[in-house]
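Since the structure comes first, as structure tokens, the remarks are kept for the end.
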Amino acid sequence: MQLTRRQVLAMIPAAGALGVGAPLAAHAEAPADHARLLTNAVAMLAGTTATNARPEVAAKVAAIESTARSRLAALSAAGPDELFEGVPLGSDDTTLRRTTTFLYEIALATRAPGSELYGDLAVQRQVIDGLAWLHEHHLADHDAGYYGNWFTWEIGFPTDVTRALVLLAEEVDAHRPGLVGTYVATMDAYLRAGVDGDVDLDSRFHTGANLADITTNRILQGALTGDDARIAKAITDQATVFATIDPYDLRHGVTDGYYADGSFIQHHSVAYTGSYGKGLLTRVVQTVKILDGASRSSSADLVQVVTGWVRHGFAPVIYEGWMMEAVKGRAVSRTTTGYTDVRIVAEAIVDLSAYAPAEDARALAAYVKHLDESSPETLDSSGFASPVSIARFADIVGDTSIAAADLNPDEHSVGFDAMDRTVHRRPGYAFALARSSERISKYEYMNGENLLPWFQGDGAYQLYLSGMDQRECYGVDHYTTVAPDRLAGVTAPVEQRQSIPELYGERWYENPDHPLGFTSSSESQNTYVYFPQATNPHSGGATLGGLGIAGMVISDDVPYVDKQAGILPEDFVVYENVRATKSWFMLDEEIVVLAAGIEGRSRRDAVTTLDSRIAAPEDEVEISGAHRDGSPWSGTGSAPLAWVRYLNATQGSAVGYVLLDEQDVDLTLDSVTRSRRAIRLTNPNTRVTKQVFGLSVDHPAAARPAAIAYALVPHADERTLTSYPGPLSVLRNTPRIQAIKHTGLDLVAANVFVAGNQQAERLSVEGPASVIMRRHAGAVELALSDPTMARESVSVIVRGRPLGLDIADDGVTVSRVPGGTRVSARTHQAYGATFTARLS
């Protein structure tokens with residue numbers, strides 16, 4: 001029997017299980033070599049003479065110099081109240097950030113060996129004078145200065161300024177010796193740090209990747225000022241970010257960070273590995289680089305833990321070089337996504353491999369090669385942030401002794417219980433499922449990004465096929481051209497909804513006089529506008545080897561419930577959701593989906609979308625199928641079909657859909673043209689045209705609560721589809737229990753949603769639970785979990801001859817009962833983890 005994730009995690013050394021708090025904190029206890037810290041930071045940002053002389057780094061150095069020269073030209077042409085031409089200062093925080101970024105980019109070119117601006121004191125003094133002018137005119141008045149997004153003032157401009165001061169430290173001391181102290185005091189003021197410059201760890205802004213940014217800046221500021229206490233405190237604070245989150249023992253109430261199951265959460269409840277998670281990965285690797293040799297403490301334990309993040313958190317959600325949409329929050333609406341996201345992760349892994357033990361270093365290097373070779377877009381290392389990373393990447397790619405290798409097993413099913421995500425991988429495809437609950441947000445909208453997000457956490461899924469350029473299948477163009485209520489896997493009401501800017505005329509709901517105090521950065525805005533949570537407690541699943549199941553109850557979100565309770569203002573717009581109970585059974589050749597109790601509510605129709613796929617306008621797309629009597633079908637329309645096949649003949653990709661009950665399905669293939677600004681206000685106004693294939697089932701409001709059962713079959717040909725249902729059968733599909741059987745796998749699996757005993761062939765499940773039972777190699781393998789995360793224990797009775805225990809996870813007990821064998825797992829504070837047992 002394959003090891004469960006729980007068993008694998010148990011094998012990780014103590015440092016890996018507990019997080020990096022202790023190993024990182026050790027650096028805080030040792031005096032820091034300030035000069036070494038600064039030297040390390042300069043090398044990380046600007047490269048070294050050795051790295052920058054390499055031909056692979058030449059393009060990066062040229063880009064650094066070219067950018068700096070364009071900034072210098074804008075500096076020379078500046079008008080009144082601006083440092084750079086066309087970047088007026090005084091009321092828009094984005095122009096402030098552009099100004100400090102431009103100053104940093106000029107400073108960088110003067111410290112990058114190989115740049116013609118390298119060592120140019122006159123240019124360095126221009127930057128230093130520019131920093132002084134900016135502070136005097138736009139930053140010194142701390143009360144007047146703070147406008148716009150808090151991020152600009154606490155993280156954005158301090159990052160640029162701190163880096164510029166590090167790069168120009170010697171010349172700042174000579175030219176304006178008081179500038180560092182002046183800026184540090186101002187950055188502390190905007191950070192609202194305490195009297196001793198301490199960061200408020202109880203602030204909801206100072207968590208996760210945000211706190212990592214803040215504390216990295218403060219480490220470097222301490223090195224500039226010779227302040228050991230500041231460095232030590234910043235390292236200690238950063239250790240809280242990198243420590244594994246224990247949901248039952250939260251520190252400062254923070255839920256943001258990495259969890260033991262590989263999940264990553266930011267903004268309290270958003271599944272975010274692919275955006276803030278990659279940012280945090282980058283920060284911790286930068287910390288390793290900055291601290292290298294700067295204290296007597298070793299970073300070995302820290303490196304080991306971060307290697308675990310890569311293996312268990314990142315690798316499962318990257319498919320052939322593409323970052324999966326299910327873990328990207330509002331970033332799904334950006335044009336720079338997917339393969340570009342993975343480039344950032346790859347750079348961190350490249351750097352991590354330089355500090356890891358030999359065996360881990362080789363595995364990480366092999367994975368970097370895999371990312372480069374498996375993607376249709378090879379990794380462009382010229383886009384790496386550090387010239388040093390570019391040189392290391394070239395060494396890895398050029399090492400013929402390293403064979404490309406994925407960190408994922410070929411057959412892998414991963415339940416990220418802490419963030420309501422499931423990833424299922426097989427040779428040839430990967431399946432990613434996004435759920436939500438009272439713990440996890442339905443979606444994330446913010447700052448005009450991801451304008452149409454409403455159903456992204458209601459069981460939406462992506463089916464990635466191997467060998468494809470995923471930009472042609474998913475990413476920004478998928479969300480642009482596919483209607484938000486027709487995302488694959490979603491059951492949605494038939495109604496029109498409006499985006500936040502359409503509803504309120506700006507990017508948030510403004511009502512500061514209401515008792516809840518709605519402003520752009522208020523907690524109320526987070527709760528009700530930016531990333532509202534669902535209200536269902538049931539969302540989870542179980543894994544058994546490479547097989548997996550998941551289930552959830554579709555519910556209203558918090559805004560709708562609170563509006564009905566009279567808590568929200570009259571003009572605040574909310575939307576009622578449908579009702580449905582859903583399960584996903586992830587097997588070898590197919591993914592089976594069951595839904596029951598489907599109601600549009602409030603006299604609305606509902607629709608379940610089995611799949612929505614996009615194709616280029618010129619691609620040859622064919623739709624075929626068969627009626628239940630076996631007669632053929634082709635094209636679009638509505639019919640009671642047994643199966644459907646989508647084929648993109650141009651791309652050589654196909655997906656089959658098997659209807660496991662009697663349904664009239666609707667098939668559409670439309671040419672859709674929309675602007676990318678339809679989903680993100682700051683996207684270029686680029687109009688995208690795609691063929692959009694849709695397969696759906698309607699649920700009329702006048703009908704009784706509906707049910708549907710179907711299977712997705714990746715790469716299916718017509719012969720395969722005609723063989724269904726074959727070994728596959730649906731045992732139960734009700735709001736109480738959903739269960740299937742697969743005789744080929746000798747498997748029975750069930751999700752139970754209600755109290756009491758529910759039967760599925762030999763299984764009798766007691767109360768809400770997810771259960772997989774499989775006969776394999778002469779034994780009965782069993783996996784069970786608590787998808788509510790609230791039960792003390794879950795139990796199942798296997799009917800038939802008494803079974804004896806061979807091996808089980810801690811917390812599992814087995815006993816004989818009349819007519820069978822009871823298997824119980826103590827799920828108290830297990831946070832949805834799977835418990836397994838092998839019986840014979």
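Identifiers for the structure tokens are assigned positionally: chains receive A, B, ... in sequence, residues are indexed from 1 per chain, and ligands are indexed from 1 in the order shown.
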Neighbour list for region 794-798 of chain A as an MDAnalysis selection string, cut-off 6 Å, only C-alpha atoms, skip fewer than 2 positions in-chain: chainID A and resid 762:766 820:825
For N, CA and C atoms, I'd like the residues from the last selection saved as a PDB file, in the first residue's frame.
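Printed below is again00.pdb as written:
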ATOM      1  N   ARG A 762     -20.829  -2.863   0.948  1.00  0.00           N
ATOM      2  CA  ARG A 762     -20.339  -3.436   2.205  1.00  0.00           C
ATOM      3  C   ARG A 762     -20.043  -2.393   3.265  1.00  0.00           C
ATOM      4  N   LEU A 763     -20.086  -1.125   2.896  1.00  0.00           N
ATOM      5  CA  LEU A 763     -19.735  -0.070   3.842  1.00  0.00           C
ATOM      6  C   LEU A 763     -20.970   0.464   4.558  1.00  0.00           C
ATOM      7  N   SER A 764     -20.840   0.620   5.868  1.00  0.00           N
ATOM      8  CA  SER A 764     -21.835   1.316   6.670  1.00  0.00           C
ATOM      9  C   SER A 764     -21.108   2.452   7.372  1.00  0.00           C
ATOM     10  N   VAL A 765     -21.394   3.689   6.933  1.00  0.00           N
ATOM     11  CA  VAL A 765     -20.644   4.854   7.404  1.00  0.00           C
ATOM     12  C   VAL A 765     -21.474   5.594   8.437  1.00  0.00           C
ATOM     13  N   GLU A 766     -20.840   5.930   9.541  1.00  0.00           N
ATOM     14  CA  GLU A 766     -21.535   6.569  10.661  1.00  0.00           C
ATOM     15  C   GLU A 766     -21.250   8.069  10.658  1.00  0.00           C
ATOM     16  N   GLY A 820     -19.564  -7.796  10.983  1.00  0.00           N
ATOM     17  CA  GLY A 820     -18.465  -7.141  10.281  1.00  0.00           C
ATOM     18  C   GLY A 820     -17.388  -6.605  11.189  1.00  0.00           C
ATOM     19  N   THR A 821     -16.647  -5.603  10.682  1.00  0.00           N
ATOM     20  CA  THR A 821     -15.496  -5.028  11.375  1.00  0.00           C
ATOM     21  C   THR A 821     -15.633  -3.510  11.398  1.00  0.00           C
ATOM     22  N   ARG A 822     -15.525  -2.938  12.594  1.00  0.00           N
ATOM     23  CA  ARG A 822     -15.586  -1.477  12.724  1.00  0.00           C
ATOM     24  C   ARG A 822     -14.161  -0.911  12.687  1.00  0.00           C
ATOM     25  N   VAL A 823     -13.980   0.117  11.868  1.00  0.00           N
ATOM     26  CA  VAL A 823     -12.714   0.858  11.822  1.00  0.00           C
ATOM     27  C   VAL A 823     -13.017   2.299  12.212  1.00  0.00           C
ATOM     28  N   SER A 824     -12.342   2.761  13.250  1.00  0.00           N
ATOM     29  CA  SER A 824     -12.569   4.119  13.742  1.00  0.00           C
ATOM     30  C   SER A 824     -11.255   4.897  13.714  1.00  0.00           C
ATOM     31  N   ALA A 825     -11.363   6.182  13.446  1.00  0.00           N
ATOM     32  CA  ALA A 825     -10.183   7.058  13.470  1.00  0.00           C
ATOM     33  C   ALA A 825     -10.481   8.250  14.357  1.00  0.00           C
TER      34      ALA A 825
END
Contacts of Ala223 (chain A) at 8 Å (only C-alpha atoms; same-chain gap of 5+ positions) as JSON, numbers by chain: {"A": [34, 35, 37, 38, 228, 231]}
Take the residues from that selection and write them out as a CSV table (one decimal), in the first residue's frame, keeping C-alpha atoms.
chain,number,residue,atom,x,y,z
A,34,HIS,CA,26.8,43.7,9.0
A,35,ALA,CA,29.3,44.0,6.2
A,37,LEU,CA,24.9,41.0,5.2
A,38,LEU,CA,25.3,44.0,2.9
A,228,ASP,CA,22.0,44.3,16.0
A,231,ILE,CA,18.3,42.6,12.9
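One finds CA of Ala43 (chain A) at 13.7 Å from CA of Ala294 (chain A).
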Nearest to Arg362 (chain A), chosen from A:Ser386, A:Ala405, A:Leu139, A:Asp485, with only C-alpha atoms counted in the distances: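 Looking only at the distances to Arg362 (chain A), the closest residue turns out to be A:Ala405.
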DSSP alpha helix (DSSP H) selection over region 560-617 of chain A, as a ChimeraX atom specification: /A:560-564
Those selected residues, please, written with N, CA, C and O atoms and delivered as a PDB file, in the first residue's frame.
ATOM      1  N   TYR A 560     -24.474  37.234   1.838  1.00  0.00           N
ATOM      2  CA  TYR A 560     -25.902  36.988   1.659  1.00  0.00           C
ATOM      3  C   TYR A 560     -26.565  36.677   3.000  1.00  0.00           C
ATOM      4  O   TYR A 560     -27.644  37.223   3.313  1.00  0.00           O
ATOM      5  N   VAL A 561     -25.952  35.841   3.797  1.00  0.00           N
ATOM      6  CA  VAL A 561     -26.529  35.457   5.084  1.00  0.00           C
ATOM      7  C   VAL A 561     -26.649  36.665   6.008  1.00  0.00           C
ATOM      8  O   VAL A 561     -27.680  36.881   6.666  1.00  0.00           O
ATOM      9  N   ASP A 562     -25.610  37.496   6.047  1.00  0.00           N
ATOM     10  CA  ASP A 562     -25.640  38.650   6.940  1.00  0.00           C
ATOM     11  C   ASP A 562     -26.589  39.737   6.443  1.00  0.00           C
ATOM     12  O   ASP A 562     -27.146  40.490   7.248  1.00  0.00           O
ATOM     13  N   LYS A 563     -26.785  39.827   5.137  1.00  0.00           N
ATOM     14  CA  LYS A 563     -27.758  40.796   4.621  1.00  0.00           C
ATOM     15  C   LYS A 563     -29.168  40.389   5.047  1.00  0.00           C
ATOM     16  O   LYS A 563     -29.990  41.238   5.433  1.00  0.00           O
ATOM     17  N   GLN A 564     -29.462  39.081   5.016  1.00  0.00           N
ATOM     18  CA  GLN A 564     -30.779  38.612   5.450  1.00  0.00           C
ATOM     19  C   GLN A 564     -30.978  38.870   6.938  1.00  0.00           C
ATOM     20  O   GLN A 564     -32.104  39.058   7.407  1.00  0.00           O
TER      21      GLN A 564
END
Within 7 Å of region 150-160 of chain A using only C-alpha atoms, minus same-chain residues under 3 positions, as number ranges by chain: A: 93, 97, 100-101, 104, 146, 163-164, 187, 190-191, 213-214, 217
Spatial neighbours of region 626-642 of chain A, 7 Å, only C-alpha atoms, chain gap at least 6 places, as a ChimeraX atom specification: /A:658-659,662-669
Sorted by chain and rising residue number, which residues of region 399-489 of chain A lie within 12 Å of region 508-525 of chain A, and what are their closest atom pairs and distances in Å to one decimal, counting only C-alpha atoms, as JSON lines?
{"residue": "A:Glu444", "atom": "CA", "partner": "A:Gln525", "partner_atom": "CA", "distance": 11.7}
{"residue": "A:Tyr445", "atom": "CA", "partner": "A:Trp508", "partner_atom": "CA", "distance": 9.6}
{"residue": "A:Met446", "atom": "CA", "partner": "A:Trp508", "partner_atom": "CA", "distance": 7.9}
{"residue": "A:Asn447", "atom": "CA", "partner": "A:Trp508", "partner_atom": "CA", "distance": 7.6}
{"residue": "A:Gly448", "atom": "CA", "partner": "A:Trp508", "partner_atom": "CA", "distance": 8.4}
{"residue": "A:Glu449", "atom": "CA", "partner": "A:Trp508", "partner_atom": "CA", "distance": 11.2}
{"residue": "A:Leu451", "atom": "CA", "partner": "A:Trp508", "partner_atom": "CA", "distance": 11.2}
Distance of CA of Glu599 (chain A) from CA of Gly459 (chain A), expressed in Å to one decimal place: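 Atom-to-atom, CA of Gly459 (chain A) and CA of Glu599 (chain A) are spaced 15.7 Å apart.
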Nearby residues (only C-alpha atoms) at most 8 Å from Val166 (chain A), same-chain spacing under 3 positions excluded, as a list in words: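 Close residues of Val166 (chain A): Leu38, Ala41, Val42, Thr162, Arg163, Ala169, Leu220 and Leu224 of chain A.
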Residue selection dump (N, CA and C atoms) as a tab-separated table (two decimals), in the first residue's frame:
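Listed below is the output, out_28.tsv:
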chain	number	residue	atom	x	y	z
A	38	LEU	N	25.41	43.09	3.97
A	38	LEU	CA	25.29	44.03	2.87
A	38	LEU	C	25.93	43.49	1.60
A	41	ALA	N	23.63	40.98	0.08
A	41	ALA	CA	22.46	41.61	-0.54
A	41	ALA	C	22.83	42.24	-1.88
A	42	VAL	N	23.97	42.90	-1.94
A	42	VAL	CA	24.40	43.51	-3.20
A	42	VAL	C	24.63	42.45	-4.26
A	162	THR	N	15.11	50.89	0.67
A	162	THR	CA	16.08	50.09	1.43
A	162	THR	C	17.10	49.47	0.50
A	163	ARG	N	16.66	48.91	-0.60
A	163	ARG	CA	17.59	48.30	-1.55
A	163	ARG	C	18.53	49.34	-2.16
A	169	ALA	N	25.48	52.24	-0.21
A	169	ALA	CA	25.79	52.51	1.20
A	169	ALA	C	27.04	53.36	1.38
A	220	LEU	N	17.94	44.39	6.51
A	220	LEU	CA	18.90	45.19	5.75
A	220	LEU	C	19.06	46.58	6.37
A	224	LEU	N	22.52	48.38	7.74
A	224	LEU	CA	22.96	49.73	7.35
A	224	LEU	C	23.25	50.60	8.57
Nearest to Gln691 (chain A) by atom-to-atom distance, counting only C-alpha atoms, from A:Thr836, A:Arg799, A:Asp477, A:Asn52: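 The shortest atom-to-atom distance to Gln691 (chain A) comes from A:Asp477.
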DSSP strand (DSSP E or B) selection over region 628-818 of chain A, as a VMD selection string: chain A and resid 632 to 634 637 to 639 641 to 648 653 to 659 665 to 675 680 687 to 699 706 to 714 728 to 733 737 to 742 747 to 752 757 to 760 763 to 766 769 to 776 779 to 785 793 to 799 805 to 808 812 to 817
Can you write out as a Markdown table which residues of region 559-589 of chain A fall within 10 Å of region 749-753 of chain A, alongside each residue's closest atom pair and its distance in Å to one decimal, counting only C-alpha atoms and ordering rows by chain and ascending residue number?
| residue | atom | partner | partner_atom | distance |
| --- | --- | --- | --- | --- |
| A:Thr581 | CA | A:Phe753 | CA | 8.3 |
| A:Lys582 | CA | A:Asn751 | CA | 9.0 |
| A:Ser583 | CA | A:Asn751 | CA | 6.9 |
| A:Trp584 | CA | A:Asn751 | CA | 9.1 |
| A:Phe585 | CA | A:Ala749 | CA | 7.7 |
Dump of all heavy atoms for the selected residues, as a short mmCIF file (atom, residue, chain, number, x, y, z; two decimals), in the first residue's frame:
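Output contents, as saved in part-v7.cif:
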data_model
loop_
_atom_site.label_atom_id
_atom_site.label_comp_id
_atom_site.auth_asym_id
_atom_site.auth_seq_id
_atom_site.Cartn_x
_atom_site.Cartn_y
_atom_site.Cartn_z
N THR A 581 -25.34 19.25 -3.26
CA THR A 581 -24.34 18.43 -2.58
C THR A 581 -23.52 17.75 -3.67
O THR A 581 -24.08 17.16 -4.58
CB THR A 581 -25.02 17.38 -1.69
OG1 THR A 581 -25.80 18.04 -0.69
CG2 THR A 581 -23.98 16.49 -1.02
N LYS A 582 -22.18 17.83 -3.56
CA LYS A 582 -21.33 17.37 -4.67
C LYS A 582 -20.21 16.48 -4.18
O LYS A 582 -19.69 16.65 -3.07
CB LYS A 582 -20.74 18.56 -5.42
CG LYS A 582 -21.76 19.31 -6.25
CD LYS A 582 -21.07 20.17 -7.30
CE LYS A 582 -22.05 20.64 -8.34
NZ LYS A 582 -21.38 21.34 -9.46
N SER A 583 -19.84 15.54 -5.05
CA SER A 583 -18.71 14.65 -4.78
C SER A 583 -17.89 14.46 -6.04
O SER A 583 -18.43 14.47 -7.17
CB SER A 583 -19.18 13.27 -4.30
OG SER A 583 -19.74 13.34 -3.00
N TRP A 584 -16.59 14.26 -5.85
CA TRP A 584 -15.66 13.97 -6.93
C TRP A 584 -14.86 12.72 -6.55
O TRP A 584 -14.30 12.66 -5.44
CB TRP A 584 -14.71 15.14 -7.15
CG TRP A 584 -15.42 16.40 -7.53
CD1 TRP A 584 -15.64 16.90 -8.77
CD2 TRP A 584 -16.02 17.35 -6.62
NE1 TRP A 584 -16.33 18.08 -8.72
CE2 TRP A 584 -16.58 18.38 -7.41
CE3 TRP A 584 -16.14 17.43 -5.23
CZ2 TRP A 584 -17.25 19.47 -6.85
CZ3 TRP A 584 -16.80 18.50 -4.68
CH2 TRP A 584 -17.35 19.52 -5.48
N PHE A 585 -14.82 11.76 -7.44
CA PHE A 585 -14.10 10.51 -7.22
C PHE A 585 -13.00 10.43 -8.29
O PHE A 585 -13.30 10.28 -9.49
CB PHE A 585 -15.04 9.31 -7.31
CG PHE A 585 -16.18 9.37 -6.33
CD1 PHE A 585 -17.34 10.08 -6.63
CD2 PHE A 585 -16.09 8.74 -5.09
CE1 PHE A 585 -18.40 10.15 -5.72
CE2 PHE A 585 -17.15 8.81 -4.19
CZ PHE A 585 -18.29 9.51 -4.50
#
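The residue that comes closest to Glu320 (chain A), out of A:Gln266, A:Ser612, A:Asn408, A:Thr527 and on the basis of only C-alpha atoms, is A:Asn408.
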Contacts of region 83-86 of chain A at 12 Å (only C-alpha atoms; same-chain gap of 6+ positions) as a VMD selection string: chain A and resid 70 to 77 95 to 103 106 126 to 127 129 to 135 137 to 138
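Distances from A:Val529, A:Pro113, A:Asp588, A:Ile290 to Leu568 (chain A) were compared using only C-alpha atoms, and the smallest one belongs to A:Val529.
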